[in-house]
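S.K.: Below you'll find work_1.csv; it's CSV, C-alpha atoms.
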chain,number,residue,atom,x,y,z
A,20,MET,CA,0.0,0.0,0.0
A,21,ARG,CA,3.0,2.2,0.3
A,22,ARG,CA,2.7,5.0,-2.3
A,23,GLY,CA,5.8,7.0,-1.9
A,24,THR,CA,9.5,6.3,-1.9
A,25,SER,CA,10.8,8.8,0.7
A,26,GLY,CA,10.6,6.6,3.7
A,27,ILE,CA,10.3,7.5,7.3
A,28,LYS,CA,12.8,9.7,9.2
A,29,PRO,CA,12.9,10.2,12.9
A,30,GLN,CA,11.3,13.5,14.0
A,31,SER,CA,12.2,15.1,17.2
A,32,GLN,CA,10.5,18.4,16.8
A,33,VAL,CA,6.9,19.3,16.1
A,34,ALA,CA,6.1,18.4,12.5
A,35,GLY,CA,4.3,20.6,10.1
A,36,GLN,CA,1.2,19.8,8.2
A,37,ASN,CA,3.3,18.9,5.2
A,38,GLU,CA,5.3,16.3,7.1
A,39,ILE,CA,2.2,14.7,8.5
A,40,ALA,CA,0.6,14.6,5.1
A,41,ARG,CA,3.7,13.3,3.4
A,42,ARG,CA,4.0,10.4,5.8
A,43,LEU,CA,0.3,9.6,5.4
A,44,SER,CA,0.7,9.7,1.7
A,45,ASP,CA,3.6,7.3,1.9
A,46,PHE,CA,1.8,4.8,4.2
A,47,PRO,CA,-1.9,5.6,3.8
A,48,CYS,CA,-3.1,3.4,6.7
A,49,GLY,CA,-2.6,5.4,9.8
A,50,ALA,CA,-2.3,3.5,13.0
A,51,ALA,CA,-5.1,4.5,15.5
A,52,VAL,CA,-4.4,3.2,19.0
A,53,LYS,CA,-6.7,2.9,22.0
A,54,SER,CA,-4.6,0.7,24.2
A,55,GLU,CA,-1.0,0.0,25.3
A,56,ALA,CA,-1.1,-3.3,23.3
A,57,GLN,CA,-2.1,-1.4,20.2
A,58,LEU,CA,0.6,1.1,20.7
A,59,GLU,CA,3.3,-1.5,21.0
A,60,ALA,CA,2.1,-3.0,17.7
A,61,ALA,CA,1.9,0.4,16.0
A,62,LEU,CA,5.5,1.2,16.9
A,63,ASP,CA,6.6,-1.8,15.0
A,64,CYS,CA,4.6,-1.2,11.9
A,65,PRO,CA,5.3,1.0,8.9
A,66,PRO,CA,2.8,3.8,9.3
A,67,GLY,CA,4.7,7.1,10.1
A,68,VAL,CA,1.8,8.6,12.1
A,69,VAL,CA,0.2,7.2,15.2
A,70,PHE,CA,-3.2,8.4,16.1
A,71,VAL,CA,-3.7,8.4,19.9
A,72,LEU,CA,-7.4,8.0,20.6
A,73,ARG,CA,-7.4,7.0,24.3
A,74,GLY,CA,-5.3,7.5,27.3
A,75,ASP,CA,-4.6,9.9,30.1
A,76,GLY,CA,-4.0,13.3,28.4
A,77,LEU,CA,-2.4,14.6,31.6
A,78,GLU,CA,0.2,11.9,31.5
A,79,ILE,CA,0.6,11.5,27.8
A,80,GLY,CA,4.2,12.9,27.5
A,81,SER,CA,5.9,9.6,28.0
A,82,MET,CA,3.7,7.9,25.4
A,83,LEU,CA,4.5,10.6,22.8
A,84,ARG,CA,8.2,10.3,23.5
A,85,ARG,CA,8.0,6.6,22.8
A,86,ILE,CA,6.2,7.3,19.5
A,87,HIS,CA,8.9,9.8,18.6
A,88,SER,CA,11.7,7.4,19.5
A,89,ALA,CA,10.2,4.9,17.1
A,90,GLY,CA,10.6,7.5,14.4
A,91,LYS,CA,6.9,8.3,14.1
A,92,LEU,CA,4.7,11.3,14.6
A,93,ALA,CA,1.9,11.5,17.1
A,94,ALA,CA,-1.6,12.9,16.5
A,95,VAL,CA,-3.6,13.1,19.7
A,96,HIS,CA,-7.4,13.3,19.9
A,97,LEU,CA,-8.1,16.1,22.3
A,98,ASP,CA,-11.8,15.2,22.6
A,99,LEU,CA,-11.2,11.5,23.5
A,100,VAL,CA,-8.2,11.4,25.8
A,101,ASP,CA,-9.0,11.6,29.5
A,102,GLY,CA,-8.3,14.6,31.7
A,103,LEU,CA,-8.3,17.4,29.2
A,104,SER,CA,-11.0,19.7,28.1
A,105,SER,CA,-11.4,20.7,24.4
A,106,ASP,CA,-10.3,24.2,24.8
A,107,ILE,CA,-7.2,26.4,24.5
A,108,SER,CA,-5.7,25.2,27.7
A,109,GLY,CA,-6.2,21.5,26.7
A,110,VAL,CA,-4.6,22.3,23.4
A,111,ARG,CA,-1.6,23.9,25.0
A,112,TRP,CA,-1.1,21.0,27.3
A,113,LEU,CA,-0.9,18.6,24.5
A,114,VAL,CA,1.4,20.8,22.5
A,115,ARG,CA,3.8,21.0,25.5
A,116,SER,CA,3.5,17.3,25.9
A,117,GLY,CA,4.9,16.8,22.4
A,118,ALA,CA,1.9,16.2,20.2
A,119,ASP,CA,2.7,16.8,16.5
A,120,ALA,CA,-0.9,17.1,15.5
A,121,ILE,CA,-4.1,17.5,17.5
A,122,ILE,CA,-7.5,16.2,16.5
A,123,SER,CA,-10.8,17.7,17.5
A,124,SER,CA,-14.4,18.2,16.3
A,125,HIS,CA,-14.5,21.6,17.9
A,126,SER,CA,-13.7,24.6,15.8
A,127,GLN,CA,-12.5,26.6,18.8
A,128,ALA,CA,-10.0,23.9,19.6
A,129,VAL,CA,-8.9,23.6,16.0
A,130,ARG,CA,-8.2,27.4,15.8
A,131,ALA,CA,-6.2,27.1,19.1
A,132,VAL,CA,-4.2,24.2,17.6
A,133,LYS,CA,-3.3,26.3,14.6
A,134,ALA,CA,-2.4,29.2,16.8
A,135,GLU,CA,0.0,27.0,18.6
A,136,GLY,CA,1.7,26.1,15.3
A,137,VAL,CA,1.0,22.3,15.2
A,138,THR,CA,-1.0,20.4,12.7
A,139,ALA,CA,-4.8,20.8,13.3
A,140,ILE,CA,-7.0,17.9,12.3
A,141,GLN,CA,-10.7,18.6,12.4
A,142,ARG,CA,-13.2,15.8,12.5
A,143,VAL,CA,-16.4,16.0,10.5
A,144,LEU,CA,-19.1,13.6,11.8
A,145,CYS,CA,-21.3,12.4,9.0
A,146,LEU,CA,-24.5,11.5,10.6
A,147,SER,CA,-27.0,13.3,8.3
A,148,GLU,CA,-27.0,15.8,5.5
A,149,LEU,CA,-27.4,18.5,8.2
A,150,SER,CA,-24.4,17.4,10.2
A,151,VAL,CA,-22.3,17.3,7.1
A,152,GLU,CA,-23.4,20.8,6.3
A,153,HIS,CA,-22.6,22.0,9.8
A,154,GLY,CA,-19.3,20.2,9.7
A,155,MET,CA,-18.2,21.7,6.4
A,156,THR,CA,-19.2,25.1,7.5
A,157,ALA,CA,-17.2,24.7,10.7
A,158,VAL,CA,-14.2,23.6,8.6
A,159,SER,CA,-14.5,26.6,6.4
A,160,ARG,CA,-14.4,28.8,9.4
A,161,SER,CA,-11.6,27.2,11.4
A,162,GLN,CA,-9.4,26.3,8.4
A,163,PRO,CA,-7.8,23.1,9.7
A,164,ASP,CA,-4.7,21.6,8.1
A,165,ILE,CA,-6.4,18.3,7.6
A,166,VAL,CA,-9.9,17.0,7.8
A,167,GLU,CA,-10.9,13.6,9.1
A,168,LEU,CA,-14.3,12.2,8.1
A,169,LEU,CA,-16.2,9.7,10.2
A,170,PRO,CA,-17.4,7.1,9.6
A,171,GLY,CA,-14.8,6.9,6.9
A,172,VAL,CA,-16.1,3.8,5.2
A,173,ILE,CA,-19.0,5.8,3.8
A,174,LEU,CA,-16.7,8.3,2.0
A,175,PRO,CA,-17.4,6.9,-1.4
A,176,GLN,CA,-21.1,7.5,-0.9
A,177,VAL,CA,-20.8,11.1,0.5
A,178,ALA,CA,-17.8,12.3,-1.5
A,179,ASP,CA,-20.0,14.6,-3.5
A,180,LEU,CA,-21.1,16.3,-0.4
A,181,VAL,CA,-17.6,16.8,1.1
A,182,LEU,CA,-14.8,16.9,-1.5
A,183,PRO,CA,-15.9,19.9,-3.6
A,184,ARG,CA,-15.8,22.0,-0.4
A,185,LEU,CA,-12.4,20.8,0.8
A,186,THR,CA,-9.1,22.5,0.1
A,187,VAL,CA,-7.0,20.4,2.5
A,188,PRO,CA,-6.1,16.7,2.7
A,189,LEU,CA,-8.9,14.3,3.9
A,190,LEU,CA,-8.5,11.4,6.2
A,191,ALA,CA,-11.2,8.8,6.7
A,192,GLY,CA,-11.7,6.7,9.9
A,193,GLY,CA,-14.3,4.4,11.2
A,194,PHE,CA,-15.5,0.9,10.2
A,195,ILE,CA,-12.8,0.4,7.6
A,196,ARG,CA,-12.3,-3.3,8.0
A,197,ASN,CA,-10.5,-4.7,5.1
A,198,VAL,CA,-8.3,-3.9,2.0
A,199,LYS,CA,-11.4,-3.5,-0.1
A,200,ASP,CA,-12.6,-0.7,2.2
A,201,VAL,CA,-9.2,0.9,2.2
A,202,ASP,CA,-9.0,0.9,-1.6
A,203,ALA,CA,-12.5,2.3,-2.0
A,204,VAL,CA,-11.9,5.1,0.4
A,205,LEU,CA,-8.6,6.1,-1.1
A,206,GLU,CA,-10.1,5.9,-4.6
A,207,ALA,CA,-12.9,8.2,-3.4
A,208,GLY,CA,-10.3,10.9,-2.6
A,209,ALA,CA,-8.9,10.4,0.9
A,210,LEU,CA,-5.3,10.9,1.5
A,211,ALA,CA,-5.2,8.1,4.0
A,212,VAL,CA,-7.4,6.1,6.4
A,213,THR,CA,-7.1,5.7,10.1
A,214,THR,CA,-7.8,2.3,11.6
A,215,THR,CA,-7.3,0.4,14.8
A,216,ASP,CA,-6.9,-2.9,12.9
A,217,PRO,CA,-3.2,-3.8,13.0
A,218,ALA,CA,-3.7,-6.1,10.0
A,219,LEU,CA,-4.2,-3.0,7.9
A,220,TRP,CA,-1.2,-1.1,9.2
A,221,ASN,CA,1.1,-3.3,7.3
A,222,LEU,CA,-0.5,-2.7,3.9
B,6,MET,CA,-45.2,-7.6,28.9
B,7,ILE,CA,-43.7,-6.3,25.7
B,8,PRO,CA,-46.1,-4.0,23.9
B,9,ALA,CA,-47.0,-4.8,20.3
B,10,TRP,CA,-46.6,-1.8,18.0
B,11,PRO,CA,-47.4,-1.8,14.4
B,12,ALA,CA,-44.5,-2.2,12.0
B,13,LEU,CA,-42.6,0.8,10.9
B,14,PRO,CA,-43.3,2.0,7.3
B,15,ARG,CA,-40.6,0.8,5.0
B,16,VAL,CA,-39.7,4.4,4.2
B,17,PHE,CA,-39.9,7.6,6.2
B,18,LEU,CA,-39.7,10.9,4.3
B,19,SER,CA,-37.4,13.3,6.1
B,20,VAL,CA,-39.3,16.5,7.0
B,21,ARG,CA,-37.5,19.5,8.4
B,22,ASP,CA,-39.1,23.0,7.9
B,23,HIS,CA,-41.2,21.9,5.0
B,24,LEU,CA,-42.2,18.8,3.1
B,25,PRO,CA,-39.6,18.2,0.4
B,26,ARG,CA,-42.3,16.6,-1.8
B,27,PRO,CA,-45.6,14.9,-1.4
B,28,PRO,CA,-44.9,11.6,0.3
B,29,GLY,CA,-45.6,8.3,-1.4
B,30,GLN,CA,-48.6,6.4,-0.4
B,31,ASP,CA,-46.9,4.1,2.1
B,32,GLU,CA,-44.3,6.5,3.3
B,33,GLY,CA,-44.3,7.7,6.9
B,34,LEU,CA,-43.0,11.2,7.9
B,35,LEU,CA,-40.1,11.8,10.2
B,36,PHE,CA,-40.0,15.2,11.6
B,37,HIS,CA,-36.6,16.5,12.7
B,38,ASP,CA,-34.4,19.6,12.9
B,39,LEU,CA,-37.4,21.9,12.9
B,40,SER,CA,-39.1,24.2,15.4
B,41,LEU,CA,-42.0,23.2,17.6
B,42,THR,CA,-44.3,25.6,15.7
B,43,GLU,CA,-43.3,24.0,12.4
B,44,LEU,CA,-43.8,20.5,13.9
B,45,ILE,CA,-47.3,21.4,14.9
B,46,HIS,CA,-48.2,22.9,11.5
B,47,LEU,CA,-46.6,20.1,9.5
B,48,SER,CA,-48.0,17.2,11.6
B,49,ALA,CA,-51.5,18.6,11.8
B,50,ASN,CA,-52.8,17.0,8.7
B,51,ALA,CA,-50.2,14.4,8.0
B,52,GLU,CA,-52.7,11.5,8.4
B,53,ARG,CA,-50.1,8.9,8.2
B,54,ALA,CA,-47.4,7.2,10.2
B,55,ALA,CA,-45.4,10.0,11.8
B,56,ALA,CA,-42.3,10.0,14.0
B,57,VAL,CA,-40.4,12.7,15.7
B,58,ASP,CA,-36.7,13.0,16.5
B,59,VAL,CA,-37.4,14.6,19.8
B,60,ASP,CA,-33.9,15.9,20.5
B,61,SER,CA,-33.8,17.9,17.4
B,62,VAL,CA,-37.0,19.9,17.8
B,63,GLU,CA,-36.2,23.5,18.7
B,64,GLY,CA,-38.4,24.6,21.6
B,65,LEU,CA,-39.1,21.0,22.7
B,66,ALA,CA,-37.4,19.5,25.7
B,67,SER,CA,-36.3,15.9,25.6
B,68,ASP,CA,-38.4,15.0,28.6
B,69,SER,CA,-41.6,13.2,29.6
B,70,ALA,CA,-43.8,16.3,29.2
B,71,ALA,CA,-42.7,16.5,25.6
B,72,LEU,CA,-43.5,12.9,24.9
B,73,THR,CA,-46.9,13.4,26.5
B,74,PHE,CA,-47.5,16.5,24.3
B,75,LEU,CA,-46.5,14.6,21.2
B,76,ALA,CA,-48.7,11.6,21.9
B,77,GLU,CA,-51.8,13.3,23.3
B,78,ARG,CA,-51.9,16.6,21.4
B,79,LEU,CA,-50.2,15.8,18.1
B,80,GLY,CA,-51.0,12.1,18.0
B,81,ILE,CA,-47.4,11.1,17.3
B,82,ARG,CA,-46.5,7.9,19.0
B,83,MET,CA,-43.2,7.1,17.4
B,84,VAL,CA,-40.3,8.9,18.9
B,85,ILE,CA,-36.5,8.9,18.4
B,86,THR,CA,-34.1,10.1,21.0
B,87,ARG,CA,-30.5,9.6,22.1
B,88,ARG,CA,-31.6,9.4,25.7
B,89,PRO,CA,-32.1,5.8,26.9
B,90,ALA,CA,-34.1,6.9,30.0
B,91,LEU,CA,-36.5,8.8,27.7
B,92,THR,CA,-37.1,5.7,25.5
B,93,LEU,CA,-38.2,3.8,28.6
B,94,ARG,CA,-40.5,6.7,29.6
B,95,ALA,CA,-41.9,6.5,26.0
B,96,VAL,CA,-42.8,2.9,26.5
B,97,GLU,CA,-44.7,3.8,29.7
B,98,LEU,CA,-46.6,6.4,27.8
B,99,GLY,CA,-47.5,3.9,25.1
B,100,CYS,CA,-45.2,5.3,22.5
B,101,GLN,CA,-42.9,3.4,20.2
B,102,PRO,CA,-39.3,4.5,20.9
B,103,LEU,CA,-36.2,4.2,18.9
B,104,LEU,CA,-32.8,5.0,20.6
B,105,ARG,CA,-30.7,7.0,18.2
B,106,ILE,CA,-27.2,5.7,18.0
B,107,HIS,CA,-24.4,7.8,16.4
B,108,CYS,CA,-22.4,5.1,14.6
B,109,LEU,CA,-19.0,6.6,13.8
B,110,ASP,CA,-16.6,3.9,14.8
B,111,SER,CA,-16.7,0.4,16.3
B,112,THR,CA,-15.9,1.6,19.8
B,113,GLY,CA,-18.6,4.2,19.7
B,114,LEU,CA,-21.1,1.6,18.6
B,115,GLU,CA,-20.2,-0.7,21.4
B,116,ARG,CA,-20.5,2.0,24.0
B,117,ALA,CA,-23.8,3.1,22.6
B,118,LEU,CA,-25.2,-0.4,22.7
B,119,ASP,CA,-24.1,-0.8,26.3
B,120,GLY,CA,-26.6,1.9,27.2
B,121,HIS,CA,-29.3,0.6,24.9
B,122,PRO,CA,-32.4,-0.6,26.9
B,123,GLY,CA,-33.1,-3.3,24.4
B,124,THR,CA,-36.5,-4.6,23.4
B,125,PRO,CA,-39.0,-3.1,23.1
B,126,VAL,CA,-36.9,-0.1,22.3
B,127,GLY,CA,-35.7,-0.1,18.7
B,128,THR,CA,-32.7,1.5,17.1
B,129,ALA,CA,-32.3,4.5,14.9
B,130,LEU,CA,-28.9,4.1,13.4
B,131,SER,CA,-27.1,7.2,12.1
B,132,PRO,CA,-25.9,7.5,9.5
B,133,GLY,CA,-28.2,5.1,7.9
B,134,LEU,CA,-25.6,4.4,5.3
B,135,ILE,CA,-23.4,2.6,7.9
B,136,LEU,CA,-25.8,-0.3,8.4
B,137,ALA,CA,-24.7,-2.0,5.2
B,138,HIS,CA,-21.1,-1.6,6.2
B,139,LEU,CA,-21.4,-3.2,9.6
B,140,ALA,CA,-20.2,-6.8,10.2
B,141,GLU,CA,-22.9,-9.3,10.6
B,142,GLN,CA,-22.1,-9.7,14.3
B,143,GLN,CA,-22.5,-5.9,14.8
B,144,ARG,CA,-25.8,-5.9,13.0
B,145,ARG,CA,-27.1,-8.7,15.2
B,146,MET,CA,-26.5,-6.6,18.3
B,147,LEU,CA,-28.9,-3.8,17.2
B,148,PRO,CA,-32.2,-4.2,19.0
B,149,PRO,CA,-35.0,-4.2,16.4
B,150,PRO,CA,-36.7,-2.6,14.7
B,151,VAL,CA,-33.8,-0.8,13.1
B,152,LEU,CA,-34.3,2.5,11.3
B,153,ALA,CA,-31.5,3.6,8.9
B,154,TYR,CA,-31.4,7.3,9.6
B,155,GLY,CA,-29.2,9.8,7.8
B,156,LEU,CA,-27.5,10.3,4.4
B,157,MET,CA,-29.7,7.8,2.5
B,158,ARG,CA,-30.1,9.2,-1.0
B,159,ARG,CA,-29.8,6.5,-3.6
B,160,ASP,CA,-31.9,3.5,-4.5
B,161,GLU,CA,-29.0,1.1,-4.0
B,162,GLU,CA,-28.5,2.6,-0.6
B,163,PHE,CA,-32.1,1.9,0.4
B,164,ASP,CA,-31.8,-1.7,-0.9
B,165,ALA,CA,-28.5,-2.3,0.9
B,166,ALA,CA,-30.1,-1.1,4.2
B,167,TRP,CA,-33.1,-3.2,3.8
B,168,THR,CA,-31.0,-6.2,2.9
B,169,ALA,CA,-28.8,-5.5,6.0
B,170,GLY,CA,-31.9,-5.7,8.2
B,171,ALA,CA,-33.4,-2.3,8.3
B,172,ALA,CA,-37.1,-2.3,9.0
B,173,SER,CA,-37.2,1.2,7.6
B,174,VAL,CA,-35.1,3.9,6.0
B,175,VAL,CA,-35.3,7.7,6.1
B,176,THR,CA,-34.9,9.5,2.9
B,177,SER,CA,-34.7,13.1,1.9
B,178,ALA,CA,-34.3,12.2,-1.7
B,179,ALA,CA,-36.6,13.6,-4.4
B,180,GLY,CA,-37.7,10.2,-5.5
B,181,ASP,CA,-39.9,7.8,-3.5
B,182,PRO,CA,-37.8,4.6,-2.9
B,183,ALA,CA,-41.0,2.7,-2.3
B,184,GLY,CA,-42.6,4.0,-5.3
B,185,SER,CA,-41.5,1.3,-7.7
B,186,GLY,CA,-42.9,-1.3,-5.4
B,187,ARG,CA,-39.5,-2.6,-4.3
B,188,GLY,CA,-39.9,-0.9,-0.9
B,189,ARG,CA,-43.3,-2.5,-0.2
B,190,ARG,CA,-42.0,-6.0,0.1
B,191,ASN,CA,-42.7,-7.3,3.5
B,192,HIS,CA,-44.6,-4.1,4.2
B,193,ARG,CA,-47.3,-4.3,6.8
B,194,ALA,CA,-50.0,-1.8,6.3
B,195,ASP,CA,-51.2,1.0,8.6
B,196,PRO,CA,-48.2,1.5,10.9
B,197,GLY,CA,-49.6,4.0,13.2
B,198,ARG,CA,-51.6,5.7,10.5
B,199,ARG,CA,-53.8,8.4,11.9
B,200,GLY,CA,-55.9,9.4,8.9
B,201,SER,CA,-58.7,8.2,6.8
B,202,LYS,CA,-57.9,7.5,3.1
B,203,PRO,CA,-54.4,6.4,2.0
B,204,GLY,CA,-53.2,8.6,-0.7
B,205,HIS,CA,-55.1,11.7,0.5
B,206,ALA,CA,-52.8,12.2,3.4
B,207,LEU,CA,-51.6,15.7,2.8
B,208,ASP,CA,-54.5,17.2,0.8
B,209,LYS,CA,-55.3,19.5,3.6
B,210,LEU,CA,-51.9,20.9,4.0
B,211,ASP,CA,-51.3,24.5,3.2
B,212,GLU,CA,-49.5,24.8,-0.1
B,213,ARG,CA,-47.1,27.2,1.6
B,214,LEU,CA,-45.8,24.3,3.6
B,215,TYR,CA,-44.8,22.4,0.5
B,216,ASN,CA,-42.9,25.3,-1.0
B,217,PRO,CA,-42.0,28.0,1.4
B,218,ALA,CA,-40.6,31.2,0.0
Can you present the structure in this file as structure tokens?
M.R.:
Amino acid sequence: MRRGTSGIKPQSQVAGQNEIARRLSDFPCGAAVKSEAQLEAALDCPPGVVFVLRGDGLEIGSMLRRIHSAGKLAAVHLDLVDGLSSDISGVRWLVRSGADAIISSHSQAVRAVKAEGVTAIQRVLCLSELSVEHGMTAVSRSQPDIVELLPGVILPQVADLVLPRLTVPLLAGGFIRNVKDVDAVLEAGALAVTTTDPALWNL
Amino acid sequence: MIPAWPALPRVFLSVRDHLPRPPGQDEGLLFHDLSLTELIHLSANAERAAAVDVDSVEGLASDSAALTFLAERLGIRMVITRRPALTLRAVELGCQPLLRIHCLDSTGLERALDGHPGTPVGTALSPGLILAHLAEQQRRMLPPPVLAYGLMRRDEEFDAAWTAGAASVVTSAAGDPAGSGRGRRNHRADPGRRGSKPGHALDKLDERLYNPA
């Protein structure tokens, strides 16, 4: 599944949006982790970006250092980790803890992430036509570096609602269970998928 | 004792601040994302199966008083909510409840189902498109009846949802997915119908409600 030839290089400093996107372009199955066991597996797999979806946000520094030591970048979901609120202070905490990218559904948090100079990933929750409309309006206002669409597996069916309004790379996560799903989502226009299934990390 | 409610219509037409089109003969109406005043106007002469997404009605609280108002004043006895406790209250009031589940990833689905009261409370799965993408094991965990609710626009998407076990789908599409007759298979008549003659359901509605300025 690797699409590029540039390979992964260790990154000790906060990475820019271009570096995150480049790594996802090279290995378009991002490793999403919700447990220590998944993290261990992710550190041994090719994807250059690890998406941290669970954990103690207040004690996340050591986890992020391990991710960096493995030569990978860390994107942390502000809304899902414990202990932090989805506001400017929560964003600043994650930035100081070493997050290379921060994910949130909240426009205020996304704007704060951008102000801190790290990659901002805004989630758009596709529940209905109205929620897509609201999500895309929020994206146009907060101007994230990357958008992540959930549930990602439906991207081929809603691409006409989303892609014409996007000017930044798109990720797709949620219910992507096999290679066929990955191919369909990438074909529909996603830069990469995020998945908790280790079998897909090695594609 | 588990109450016996009529089957859901195979198709619910999505109704926000106006009717997007005259509904097909066997279609129900699902009112959502509208104001309480609009709900009262639009539901007044619906004369067919009607459901309300309680949490999305501006001006209406998601509580027992709202359910009582819907049932006794508007005659609407199918309700959708994200609040498990409210679905149980709906059962007590003789309403047919569906717990709305936001189905964005596997973990979220599992957590939502942990809080699902189960039968007789059904499931409104959002987005409806996701139903056809779930693993068989995940689909079996959804307490029936299952309503595929959100982002359903194409014939093949309706078919996929029905094949995956949906009792009903919600559409905002211009066409009537049940119009060809496909959608009527296994359909049981009169699911909560409140009116007199099928096919005359919306004759009394003000024209302005079809095509607001």
S.K.: Would you mind telling me which residue in B:Met157, B:Ala54, B:Leu91, B:Ile81 lies nearest to Ala66 (chain B) when using all atoms listed in the file?
M.R.: B:Leu91
S.K.: Any idea what's packed within 7 Å of Leu210 (chain A), counting all atoms listed in the file, ignoring anything in its chain fewer than 2 positions away? Could you give it as an MDAnalysis selection string?
M.R.: chainID A and resid 43:44 47 188:190 205 208
S.K.: Please identify all residues of chain B having at least one atom at most 8 Å from any atom of chain A, considering all atoms listed in the file, and return them as a list in words.
M.R.: His107, Cys108, Leu109, Asp110, Ser111, Ser131, Pro132, Gly133, Leu134, Ile135, His138, Leu139, Tyr154, Gly155 and Leu156 of chain B
S.K.: What does the file look like for those residues with C-alpha atoms, as a short mmCIF file (atom, residue, chain, number, x, y, z; two decimals), keeping the file's coordinate frame?
M.R.:
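Generated file (selection-v9.cif):
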data_model
loop_
_atom_site.label_atom_id
_atom_site.label_comp_id
_atom_site.auth_asym_id
_atom_site.auth_seq_id
_atom_site.Cartn_x
_atom_site.Cartn_y
_atom_site.Cartn_z
CA HIS B 107 -24.40 7.80 16.40
CA CYS B 108 -22.40 5.10 14.60
CA LEU B 109 -19.00 6.60 13.80
CA ASP B 110 -16.60 3.90 14.80
CA SER B 111 -16.70 0.40 16.30
CA SER B 131 -27.10 7.20 12.10
CA PRO B 132 -25.90 7.50 9.50
CA GLY B 133 -28.20 5.10 7.90
CA LEU B 134 -25.60 4.40 5.30
CA ILE B 135 -23.40 2.60 7.90
CA HIS B 138 -21.10 -1.60 6.20
CA LEU B 139 -21.40 -3.20 9.60
CA TYR B 154 -31.40 7.30 9.60
CA GLY B 155 -29.20 9.80 7.80
CA LEU B 156 -27.50 10.30 4.40
#
S.K.: When you draw a straight line from CA of Leu77 (chain A) to CA of Leu97 (chain A), how long is it in Å?
M.R.: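 Interatomic distance, CA of Leu77 (chain A) to CA of Leu97 (chain A): 11.0 Å.
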S.K.: In Å, how far is it from CA of Phe163 (chain B) to CA of Gly123 (chain B)?
M.R.: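 We find that CA of Phe163 (chain B) and CA of Gly123 (chain B) lie 24.6 Å from each other.
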